[in-house]
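**Q** Below: one structure in structure tokens.
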Amino acid sequence: MKLIKATEEDIPLIQDLARRSWVIAYAEILSEEQMEYMLSEMYSEQEIASHLEKPDYHYYLIADEHNDSYEGFIGYEHNYEDRTTKLHRIYLVPESKGKGFGKGALRFLNEKVSENGNKRIILNVNKNNAARKFYESQGYTVYDEGVFDIGNGFVMDDYLMEFLIHE
């Protein structure tokens, strides 16, 4: 596994990986209308480009060196809160799940967060998303929950999770 820093040229690839992973990850959780709305808003070329312009916001592509393929991506933002990095997105295409890419990406994130001097990683996960169990297996805990209005009559009903960096 190799993590490659994404650039503006990678936006179409990020959009494709997001769509491929979302179709399976959210099929039983979100309506098709909400999924399309969220993908068009959260993964528009302008939205991703605006993230890439921020010095604390990073995207990395998750590559499988053995198959010469991209398996997913991770997007996170240092200093989202005091000494806290927010994991905004981590997605793997369905065929790559269970192969250690997610765990490897989280280890990579822990290293980057430590290098940056942050002590905590936070994320939101849909209350019905099986990914919660994955995060818990990696040491994340639920510290709160929330319902967030995302526009167009849609909400995100999420658990808020955290991981504390111990040195």
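Labeling convention for the structure tokens: chains A, B, ... as they appear, residues from 1 per chain, ligands from 1 in order of appearance.
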Which residues are close to Glu65 of chain A, i.e. within 12 Å by only C-alpha atoms, leaving aside same-chain residues fewer than 5 positions away? Reply as a PyMOL selection string.

**A** chain A and resi 1-4+70-71+101

**Q** Write to file, as a short mmCIF file (atom, residue, chain, number, x, y, z; two decimals), in the first residue's frame, the residues of the selection just made, with N, CA, C and O atoms.

**A**
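And here is the file that came out, result-v7.cif:
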```cif
data_model
loop_
_atom_site.label_atom_id
_atom_site.label_comp_id
_atom_site.auth_asym_id
_atom_site.auth_seq_id
_atom_site.Cartn_x
_atom_site.Cartn_y
_atom_site.Cartn_z
N MET A 1 0.84 -1.18 0.00
CA MET A 1 0.00 0.00 0.00
C MET A 1 0.88 1.24 0.00
O MET A 1 1.90 1.29 0.68
N LYS A 2 0.46 2.23 -0.75
CA LYS A 2 1.19 3.48 -0.83
C LYS A 2 0.17 4.62 -0.78
O LYS A 2 -0.88 4.52 -1.40
N LEU A 3 0.47 5.67 -0.02
CA LEU A 3 -0.38 6.86 0.00
C LEU A 3 0.30 7.96 -0.78
O LEU A 3 1.47 8.26 -0.54
N ILE A 4 -0.44 8.54 -1.72
CA ILE A 4 0.09 9.52 -2.64
C ILE A 4 -0.68 10.83 -2.46
O ILE A 4 -1.91 10.84 -2.57
N TYR A 70 -5.81 2.31 -7.77
CA TYR A 70 -6.21 3.16 -6.66
C TYR A 70 -7.40 2.51 -5.97
O TYR A 70 -8.39 2.15 -6.59
N GLU A 71 -7.28 2.37 -4.64
CA GLU A 71 -8.28 1.64 -3.86
C GLU A 71 -9.19 2.57 -3.06
O GLU A 71 -10.20 2.14 -2.54
N PHE A 101 -6.21 -1.88 3.81
CA PHE A 101 -6.00 -0.51 3.33
C PHE A 101 -6.54 0.52 4.32
O PHE A 101 -5.92 1.55 4.54
#
```

**Q** Can you pull out every residue within 8 Å of segment 153-164 of chain A, counting only C-alpha atoms, but drop anything in the same chain fewer than 2 positions away, and send it as an mmCIF file with N, CA and C atoms, in the first residue's frame?

**A**
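Below is the file that was written, result_1.cif:
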```
data_model
loop_
_atom_site.group_PDB
_atom_site.id
_atom_site.type_symbol
_atom_site.label_atom_id
_atom_site.label_comp_id
_atom_site.auth_asym_id
_atom_site.auth_seq_id
_atom_site.Cartn_x
_atom_site.Cartn_y
_atom_site.Cartn_z
ATOM 1 N N GLN A 34 -30.686 11.530 -1.720
ATOM 2 C CA GLN A 34 -29.755 12.124 -0.769
ATOM 3 C C GLN A 34 -28.319 11.812 -1.157
ATOM 4 N N LYS A 119 -3.243 16.201 18.987
ATOM 5 C CA LYS A 119 -3.342 15.110 19.959
ATOM 6 C C LYS A 119 -4.636 14.310 19.844
ATOM 7 N N ARG A 120 -5.500 14.708 18.926
ATOM 8 C CA ARG A 120 -6.818 14.089 18.844
ATOM 9 C C ARG A 120 -7.271 14.069 17.387
ATOM 10 N N ILE A 121 -7.951 12.983 17.017
ATOM 11 C CA ILE A 121 -8.565 12.867 15.699
ATOM 12 C C ILE A 121 -10.063 12.704 15.939
ATOM 13 N N ILE A 122 -10.863 13.472 15.204
ATOM 14 C CA ILE A 122 -12.317 13.332 15.306
ATOM 15 C C ILE A 122 -12.886 12.995 13.936
ATOM 16 N N LEU A 123 -14.058 12.391 13.937
ATOM 17 C CA LEU A 123 -14.763 12.087 12.703
ATOM 18 C C LEU A 123 -16.249 11.941 12.995
ATOM 19 N N ASN A 124 -17.039 12.037 11.938
ATOM 20 C CA ASN A 124 -18.472 11.752 12.004
ATOM 21 C C ASN A 124 -18.705 10.463 11.242
ATOM 22 N N VAL A 125 -19.593 9.607 11.763
ATOM 23 C CA VAL A 125 -19.974 8.394 11.037
ATOM 24 C C VAL A 125 -21.485 8.229 11.171
ATOM 25 N N ASN A 126 -22.131 7.948 10.060
ATOM 26 C CA ASN A 126 -23.577 7.741 10.056
ATOM 27 C C ASN A 126 -23.927 6.661 11.072
ATOM 28 N N LYS A 127 -24.994 6.902 11.831
ATOM 29 C CA LYS A 127 -25.378 5.966 12.891
ATOM 30 C C LYS A 127 -25.666 4.562 12.373
ATOM 31 N N GLY A 139 -9.567 1.773 17.895
ATOM 32 C CA GLY A 139 -9.362 2.592 19.081
ATOM 33 C C GLY A 139 -10.196 3.858 19.172
ATOM 34 N N TYR A 140 -11.071 4.099 18.211
ATOM 35 C CA TYR A 140 -11.948 5.268 18.256
ATOM 36 C C TYR A 140 -13.127 4.990 19.176
ATOM 37 N N THR A 141 -13.611 6.038 19.852
ATOM 38 C CA THR A 141 -14.778 5.908 20.720
ATOM 39 C C THR A 141 -15.795 7.000 20.379
ATOM 40 N N VAL A 142 -17.062 6.701 20.617
ATOM 41 C CA VAL A 142 -18.127 7.681 20.423
ATOM 42 C C VAL A 142 -18.104 8.642 21.603
ATOM 43 N N TYR A 143 -18.085 9.939 21.324
ATOM 44 C CA TYR A 143 -18.131 10.926 22.406
ATOM 45 C C TYR A 143 -19.383 11.791 22.346
ATOM 46 N N ASP A 144 -20.140 11.711 21.252
ATOM 47 C CA ASP A 144 -21.372 12.492 21.132
ATOM 48 C C ASP A 144 -22.118 12.011 19.898
ATOM 49 N N GLU A 145 -23.257 12.614 19.657
ATOM 50 C CA GLU A 145 -23.994 12.343 18.433
ATOM 51 C C GLU A 145 -24.661 13.628 18.009
ATOM 52 N N GLY A 146 -25.052 13.682 16.741
ATOM 53 C CA GLY A 146 -25.682 14.902 16.257
ATOM 54 C C GLY A 146 -26.439 14.665 14.969
ATOM 55 N N VAL A 147 -27.419 15.540 14.755
ATOM 56 C CA VAL A 147 -28.174 15.554 13.504
ATOM 57 C C VAL A 147 -27.847 16.887 12.845
ATOM 58 N N PHE A 148 -27.306 16.814 11.631
ATOM 59 C CA PHE A 148 -26.819 18.002 10.942
ATOM 60 C C PHE A 148 -27.602 18.246 9.665
ATOM 61 N N ASP A 149 -28.149 19.442 9.533
ATOM 62 C CA ASP A 149 -28.892 19.847 8.333
ATOM 63 C C ASP A 149 -27.870 20.113 7.231
ATOM 64 N N ILE A 150 -27.980 19.397 6.133
ATOM 65 C CA ILE A 150 -27.021 19.581 5.037
ATOM 66 C C ILE A 150 -27.663 20.235 3.817
ATOM 67 N N GLY A 151 -28.901 20.708 3.999
ATOM 68 C CA GLY A 151 -29.579 21.394 2.903
ATOM 69 C C GLY A 151 -30.460 20.475 2.080
ATOM 70 N N HIS A 166 -1.532 9.102 21.939
ATOM 71 C CA HIS A 166 -0.690 8.988 23.132
ATOM 72 C C HIS A 166 0.743 8.795 22.674
#
```

**Q** Hey, which of A:His88, A:Arg19, A:Arg83, A:Lys97 ends up closest to His51 of chain A? Count only C-alpha atoms.

**A**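 Selected residue with least distance to His51 of chain A: A:His88.
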
**Q** Which residue is closest to Glu95 of chain A? Choose from A:Ser40, A:Ser21, A:Glu32, A:Glu111 and count only C-alpha atoms.

**A** A:Ser21

**Q** Counting only C-alpha atoms, which residue out of A:His66, A:His58, A:Lys5, A:Lys103 sits closest to Arg89 of chain A?

**A**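 Going through A:His66, A:His58, A:Lys5, A:Lys103 one by one, the smallest distance to Arg89 of chain A is for A:His58.
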
**Q** Would you please work out which residue, of A:Gly117, A:Ile29, A:Arg20, A:Lys112, is nearest to Pro94 of chain A when using only C-alpha atoms?

**A**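 Ranked by minimum distance to Pro94 of chain A, first place goes to A:Arg20.
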
**Q** Restricting the calculation to only C-alpha atoms: of A:Ala49, A:Leu92, A:Leu39, A:Ala25, which residue gets closest to Ala130 of chain A?

**A**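 When distances to Ala130 of chain A are compared using only C-alpha atoms, the smallest one comes from A:Ala25.
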
**Q** Per DSSP on the backbone, filter segment 60-143 of chain A down to the residues in strand (DSSP E or B) and report them as a VMD selection string.

**A** chain A and resid 60 to 64 69 to 81 84 to 92 120 to 126 141 to 143

**Q** Could you pull out the residues in segment 3-167 of chain A that DSSP calls helix (DSSP H, G or I) from the backbone, as a PyMOL selection string?

**A** chain A and resi 8-25+32-42+45-53+94-96+101-116+131-137

**Q** Pick from A:Tyr60, A:Trp22, A:Tyr135, A:Tyr43: nearest to Ile74 of chain A, with only C-alpha atoms counted?

**A**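 Distance minimum relative to Ile74 of chain A lands on A:Tyr60.
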
**Q** Between atom CA of Tyr59 of chain A and atom CA of Ala6 of chain A, what is the distance, to one decimal in Å?

**A**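 Answer for the atom CA of Tyr59 of chain A to atom CA of Ala6 of chain A separation: 5.3 Å.
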
**Q** Any idea what the distance is between atom CA of Glu115 of chain A and atom CA of Glu77 of chain A?

**A**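 Atom-to-atom, atom CA of Glu115 of chain A to atom CA of Glu77 of chain A, that is 13.3 Å.
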
**Q** What separation in Å, quoted to one decimal, exists between atom CA of Asp10 of chain A and atom CA of Leu52 of chain A?

**A** 10.6 Å
